[in-house]
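Pasted below: work_29.txt, compact mmCIF, C-alpha atoms and all ligand atoms.
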```txt
# COMPACT_ATOMS: atom_id res chain seq x y z
CA MET H 83 0.00 0.00 0.00
CA LEU H 84 1.43 3.37 -0.98
CA ARG H 85 0.57 6.35 1.16
CA ASP H 86 2.24 9.53 2.28
CA ILE H 87 5.05 8.87 -0.15
CA ASP H 88 6.22 11.22 -2.87
CA LEU H 89 6.10 9.12 -6.04
CA ASN H 90 8.77 11.31 -7.61
CA GLU H 91 11.22 10.33 -4.87
CA ILE H 92 10.85 6.59 -5.30
CA SER H 93 10.10 6.24 -9.01
CA ASP H 94 11.25 7.48 -12.39
CA GLY H 95 8.32 9.88 -12.30
CA LYS H 96 6.25 7.93 -14.83
CA LEU H 97 3.12 5.85 -14.53
CA TYR H 98 2.71 2.82 -16.76
CA GLU H 99 -0.14 0.71 -18.09
CA ASN H 100 0.11 -2.98 -18.86
CA ASN H 101 0.97 -2.47 -22.53
CA ASP H 102 3.75 0.04 -21.83
CA MET H 103 7.45 -0.76 -21.95
CA VAL H 104 9.32 -0.25 -18.69
CA LYS H 105 12.94 -0.76 -17.66
CA ALA H 106 12.16 -3.57 -15.21
CA ASP H 107 13.66 -6.70 -16.77
CA CYS H 108 16.45 -7.91 -14.49
CA GLY H 109 17.56 -10.62 -16.91
CA GLY H 110 16.74 -13.51 -14.63
CA CYS H 111 18.11 -11.73 -11.54
CA LYS H 112 21.40 -13.61 -11.93
CA GLY H 113 23.32 -13.59 -8.66
CA CYS H 114 20.78 -11.43 -6.87
CA CYS H 115 17.95 -12.25 -4.49
CA ASP H 116 17.76 -8.95 -2.64
CA CYS H 117 14.00 -8.66 -2.91
CA CYS H 118 13.57 -12.12 -1.35
CA ARG H 119 15.36 -11.09 1.84
CA GLY H 120 14.73 -8.61 4.60
CA MET H 121 11.24 -7.77 3.39
CA GLY H 122 9.71 -7.99 6.86
CA SER H 123 5.97 -8.50 6.56
CA SER H 124 5.62 -6.46 3.38
CA ILE H 125 4.91 -9.28 0.92
CA ILE H 126 1.21 -9.42 1.66
CA LEU H 127 -0.72 -12.23 0.03
CA ASP H 128 -4.08 -11.82 -1.64
CA PRO H 129 -6.52 -14.70 -2.16
CA LEU H 130 -5.17 -15.49 -5.64
CA ASP H 131 -1.62 -15.67 -4.27
CA VAL H 132 -2.66 -18.20 -1.65
CA HIS H 133 -4.75 -20.12 -4.20
CA ARG H 134 -1.74 -20.37 -6.52
CA ILE H 135 0.62 -21.53 -3.78
CA THR H 136 -1.75 -24.01 -2.16
CA CYS H 137 -2.60 -25.57 -5.55
CA GLY H 138 0.99 -25.49 -6.78
CA LEU H 139 2.42 -27.12 -3.67
CA ASP H 140 -0.64 -29.17 -2.75
CA ARG H 141 -0.58 -27.72 0.76
CA THR H 142 -3.41 -26.15 2.71
CA PHE H 143 -3.43 -22.61 4.06
CA GLY H 144 -3.06 -24.10 7.54
CA GLU H 145 0.00 -26.08 6.49
CA LEU H 146 1.60 -22.98 4.98
CA MET H 147 1.02 -21.24 8.31
CA ASP H 148 3.34 -23.83 9.88
CA ASP H 149 6.40 -22.49 8.10
CA ALA H 150 6.01 -20.25 5.04
CA ILE H 151 3.48 -17.58 5.89
CA GLU H 152 2.32 -15.61 8.92
CA LEU H 153 -0.47 -13.23 9.86
CA ASN H 154 -0.07 -9.55 10.60
CA VAL H 155 -2.36 -6.59 11.10
CA VAL H 156 -2.48 -4.19 8.16
CA ASP H 157 -4.46 -1.04 8.93
CA GLY H 158 -6.72 -2.90 11.32
CA ILE H 159 -7.20 -6.03 9.18
CA ILE H 160 -5.38 -9.32 9.70
CA LEU H 161 -3.82 -10.48 6.43
CA PRO H 162 -1.28 -13.19 5.55
CA ASN H 163 2.21 -12.39 4.29
CA LEU H 164 5.28 -14.36 3.28
CA LYS H 165 7.42 -15.10 6.31
CA MET H 166 11.08 -14.14 6.42
CA THR H 167 12.96 -16.87 8.26
CA ASP H 168 16.34 -17.50 9.89
CA LYS H 169 19.14 -15.08 10.57
CA LYS H 170 19.38 -14.00 6.94
CA GLU H 171 15.78 -12.86 6.97
CA ALA H 172 15.13 -14.85 3.82
CA CYS H 173 11.78 -15.82 2.37
CA PHE H 174 10.89 -19.39 3.28
CA PHE H 175 10.75 -20.24 -0.44
CA LEU H 176 14.24 -18.95 -1.25
CA ASN H 177 16.54 -21.92 -1.78
CA ASP H 178 20.25 -22.27 -0.99
CA ASP H 179 21.14 -21.23 -4.53
CA GLY H 180 19.34 -17.96 -4.05
CA ARG H 181 16.49 -18.95 -6.37
CA CYS H 182 12.75 -19.09 -5.80
CA ASN H 183 11.43 -22.58 -5.14
CA ILE H 184 7.92 -21.57 -6.20
CA HIS H 185 8.73 -19.42 -9.20
CA ALA H 186 5.69 -20.61 -11.20
CA HIS H 187 3.39 -19.97 -8.23
CA ARG H 188 5.06 -16.87 -6.80
CA PRO H 189 2.80 -14.13 -5.40
CA GLY H 190 1.72 -11.03 -7.28
CA ILE H 191 4.12 -8.73 -5.41
CA CYS H 192 7.06 -10.93 -6.44
CA ARG H 193 5.84 -10.86 -10.05
CA LEU H 194 5.66 -7.08 -9.94
CA PHE H 195 8.99 -6.22 -8.36
CA PRO H 196 10.68 -3.75 -9.05
CA LEU H 197 7.36 -2.33 -10.19
CA GLY H 198 4.71 -1.15 -7.77
CA ARG H 199 1.07 -0.17 -8.08
CA PHE H 200 -0.23 3.35 -7.67
CA TYR H 201 -3.95 3.53 -6.90
CA GLU H 202 -5.87 6.65 -7.84
CA ASN H 203 -9.38 7.56 -9.04
CA ASN H 204 -10.81 4.03 -8.81
CA SER H 205 -8.03 2.68 -10.93
CA PHE H 206 -4.34 1.89 -10.68
CA LYS H 207 -1.21 2.22 -12.74
CA TYR H 208 2.27 0.80 -12.37
CA PHE H 209 5.41 2.65 -11.38
CA LEU H 210 9.08 1.70 -11.40
CA GLN H 211 10.76 1.71 -7.97
CA VAL H 212 14.18 3.17 -8.62
CA HIS H 213 15.85 2.58 -5.25
CA GLU H 214 14.85 -1.02 -4.53
CA CYS H 215 16.50 -3.22 -7.16
CA PRO H 216 20.31 -3.00 -7.41
CA LYS H 217 20.56 -4.29 -11.01
CA LYS H 218 21.91 -1.46 -13.10
CA ASP H 219 21.55 -3.01 -16.55
CA ARG H 220 17.82 -3.69 -16.55
CA THR H 221 16.25 -3.77 -19.99
CA LYS H 222 12.85 -2.71 -21.23
CA VAL H 223 9.97 -5.14 -21.07
CA LYS H 224 6.23 -4.82 -21.55
CA VAL H 225 4.56 -4.51 -18.15
CA ARG H 226 2.09 -7.35 -18.86
CA LYS H 227 4.93 -9.66 -19.89
CA TRP H 228 6.86 -8.84 -16.75
CA ILE H 229 3.88 -9.58 -14.51
CA SER H 230 3.41 -12.86 -16.35
CA THR H 231 -0.18 -13.42 -15.30
CA PRO H 232 -2.77 -14.82 -17.73
CA ASP H 233 -5.92 -12.89 -18.55
CA ILE H 234 -4.41 -9.57 -17.49
CA LYS H 235 -7.66 -7.58 -17.79
CA ARG H 236 -9.53 -9.86 -15.40
CA TYR H 237 -6.51 -9.96 -13.12
CA GLU H 238 -6.28 -6.17 -12.96
CA LYS H 239 -10.01 -5.89 -12.25
CA TYR H 240 -9.63 -8.44 -9.45
CA VAL H 241 -6.61 -6.56 -8.00
CA LEU H 242 -8.59 -3.33 -7.98
CA ASP H 243 -11.74 -4.88 -6.52
CA TRP H 244 -9.76 -6.61 -3.76
CA HIS H 245 -7.91 -3.37 -2.99
CA ASP H 246 -11.19 -1.43 -2.81
CA TYR H 247 -12.83 -4.11 -0.69
CA LEU H 248 -9.99 -4.10 1.84
CA GLY H 249 -10.08 -0.31 1.80
CA SER H 250 -13.77 -0.26 2.67
CA LEU H 251 -13.23 -2.70 5.55
CA GLN H 252 -10.27 -0.73 6.84
CA GLU H 253 -12.27 2.47 6.61
CA HIS H 254 -15.06 0.90 8.65
CA ILE H 255 -12.68 -0.33 11.34
CA MET H 256 -10.93 3.02 11.58
CA SER H 257 -14.25 4.88 11.82
CA PRO H 258 -15.73 5.84 15.22
CA GLY H 259 -17.07 2.69 16.87
CA GLY H 260 -15.67 0.45 14.14
CA GLU H 261 -12.85 -0.91 16.26
CA LYS H 262 -15.18 -3.33 18.04
CA ASP H 263 -15.70 -5.18 14.72
CA MET H 264 -11.98 -5.61 14.08
CA LYS H 265 -11.72 -9.23 15.18
CA ALA H 266 -14.94 -10.37 13.53
CA VAL H 267 -14.04 -8.70 10.22
CA SER H 268 -10.60 -10.28 10.14
CA MET H 269 -11.80 -13.74 11.12
CA SER H 270 -14.50 -13.65 8.47
CA LEU H 271 -12.09 -12.37 5.83
CA LEU H 272 -9.50 -15.05 6.60
CA ARG H 273 -12.09 -17.80 6.60
CA ARG H 274 -13.85 -16.80 3.38
CA PHE H 275 -10.88 -15.85 1.22
CA TYR H 276 -7.93 -17.82 2.57
CA GLN H 277 -8.74 -20.81 4.78
CA GLN H 278 -11.63 -22.09 2.69
CA PRO H 279 -9.88 -23.32 -0.44
CA PHE H 280 -10.96 -22.30 -3.93
CA ASN H 281 -11.70 -25.20 -6.22
CA LYS H 282 -8.68 -25.66 -8.47
CA THR H 283 -10.77 -27.07 -11.34
CA GLU H 284 -13.07 -24.03 -11.47
CA ASP H 285 -12.41 -20.47 -12.58
CA PHE H 286 -10.78 -18.61 -9.68
CA TYR H 287 -12.30 -15.22 -10.45
CA GLU H 288 -15.87 -16.54 -10.62
CA GLN H 289 -15.40 -18.18 -7.22
CA PHE H 290 -13.80 -15.04 -5.81
CA TYR H 291 -16.67 -12.79 -6.84
CA LYS H 292 -19.21 -15.18 -5.37
CA ARG H 293 -17.45 -14.75 -2.02
CA LEU H 294 -17.08 -11.01 -2.36
CA ASN H 295 -19.96 -9.66 -0.40
CA PRO H 296 -19.77 -6.17 1.06
CA TYR H 297 -21.50 -7.21 4.29
CA ILE H 298 -19.24 -9.59 6.12
CA PHE H 299 -20.41 -9.22 9.69
S1 LIG N 1 16.36 -7.03 -6.41
FE1 LIG N 1 16.10 -6.91 -8.64
S2 LIG N 1 17.71 -8.20 -9.53
FE2 LIG N 1 17.57 -8.68 -7.35
S3 LIG N 1 16.19 -10.46 -7.29
FE3 LIG N 1 14.92 -8.65 -6.99
S4 LIG N 1 14.19 -8.05 -9.02
FE4 LIG N 1 15.92 -9.47 -9.29
S1 LIG N 2 8.13 -16.28 -3.16
FE1 LIG N 2 9.97 -16.52 -4.38
S2 LIG N 2 10.20 -14.55 -5.47
FE2 LIG N 2 8.80 -14.21 -3.75
S3 LIG N 2 10.08 -13.50 -2.06
FE3 LIG N 2 9.88 -15.73 -1.88
S4 LIG N 2 11.66 -16.57 -2.91
FE4 LIG N 2 11.43 -14.45 -3.58
```

Kindly return the structure encoded in the file as structure tokens.
Amino acid sequence: MLRDIDLNEISDGKLYENNDMVKADCGGCKGCCDCCRGMGSSIILDPLDVHRITCGLDRTFGELMDDAIELNVVDGIILPNLKMTDKKEACFFLNDDGRCNIHAHRPGICRLFPLGRFYENNSFKYFLQVHECPKKDRTKVKVRKWISTPDIKRYEKYVLDWHDYLGSLQEHIMSPGGEKDMKAVSMSLLRRFYQQPFNKTEDFYEQFYKRLNPYIF
């Protein structure tokens, strides 16, 4: 989530759409895994991320909670994030060769990096983070190719709808008297979108929208 940050300080000053070319291609990140270490709780997982990982590894959300992910409060809502483990503060899925063990199932934030999303006017665009990735010789790549997610239009709509939904819940919790609902909102959210698995043989987005109901408590 990007707030109270001057975009000009952290980006190249441009906003990109999915068909634009952007200097983000790290050429396979050879020899580097900086964005898989020391990320704290910042790699927050959305329902599609968890769906991908649970299907790809054939593990339940509960099993992932044993080692790979953890829960943290984000603006009043409990959400899962990738866990950084051991002294090196490395992602659980980073292997000894410094490569991602779940590359095909990696979360949306990992697919984006070093891009970020800038939400404005009921929409979002992409921006290039200029201080985060140390690779100096990055080449241009189309944003949609870099993100490497099928059905980009549906994916972007889902990203926006999920972002707006969380925003409305967070707004409620932060409003006068809303704090009392904090636990119930989080428990319901976790149960409906994370713990209760999505059917891997059915369309994810159709299942997601069936569960997306503005009144969760
Ligand atoms: S910091 Fe940049 S080069 Fe290093 S792993 Fe991440 S995206 Fe690749
Ligand atoms: S899931 Fe893979 S790409 Fe993402 S932080 Fe972990 S090791 Fe890195």

Padding 8 Å on each side, edges along x, y and z: where is the centre of the box around the listed atoms of ligand LIG 2 (chain N), and how long are its edges in Å to one decimal? Output it as JSON.
```
{"center_x": 9.9, "center_y": -15.0, "center_z": -3.7, "size_x": 19.5, "size_y": 19.1, "size_z": 19.6}
```

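Among H:Glu152, H:Glu171, H:Asp233, H:Asp116, the residue with the shortest atom-to-atom distance to ligand LIG 1 (chain N), counting all atoms listed in the file, is H:Asp116.
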
Which polymer residues have any atom within 9 Å of an atom of H:Asp128, counting all atoms listed in the file, with same-chain residues fewer than 3 positions away left out, as a PyMOL selection string? chain H and resi 131-133+161-163+189-190+241+244+275-276

Ranking H:Ile92, H:Met103, H:Cys182, H:Cys137 by minimum distance to ligand LIG 1 (chain N) and counting all atoms listed in the file, which one comes first? H:Cys182

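Atom CA of H:Ala150 to atom CA of H:Gln277 spans 14.8 Å [interatomic distance, one decimal].
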
Rounded to one decimal in Å, what is the spacing between atom CA of H:Phe200 and atom CA of H:Tyr98?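 For atom CA of H:Phe200 relative to atom CA of H:Tyr98, the distance reads 9.6 Å.
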
Of the residues H:Val212, H:Ile126, H:Val225, H:Leu271, which is the one nearest to H:Leu89, using all atoms listed in the file? H:Val212
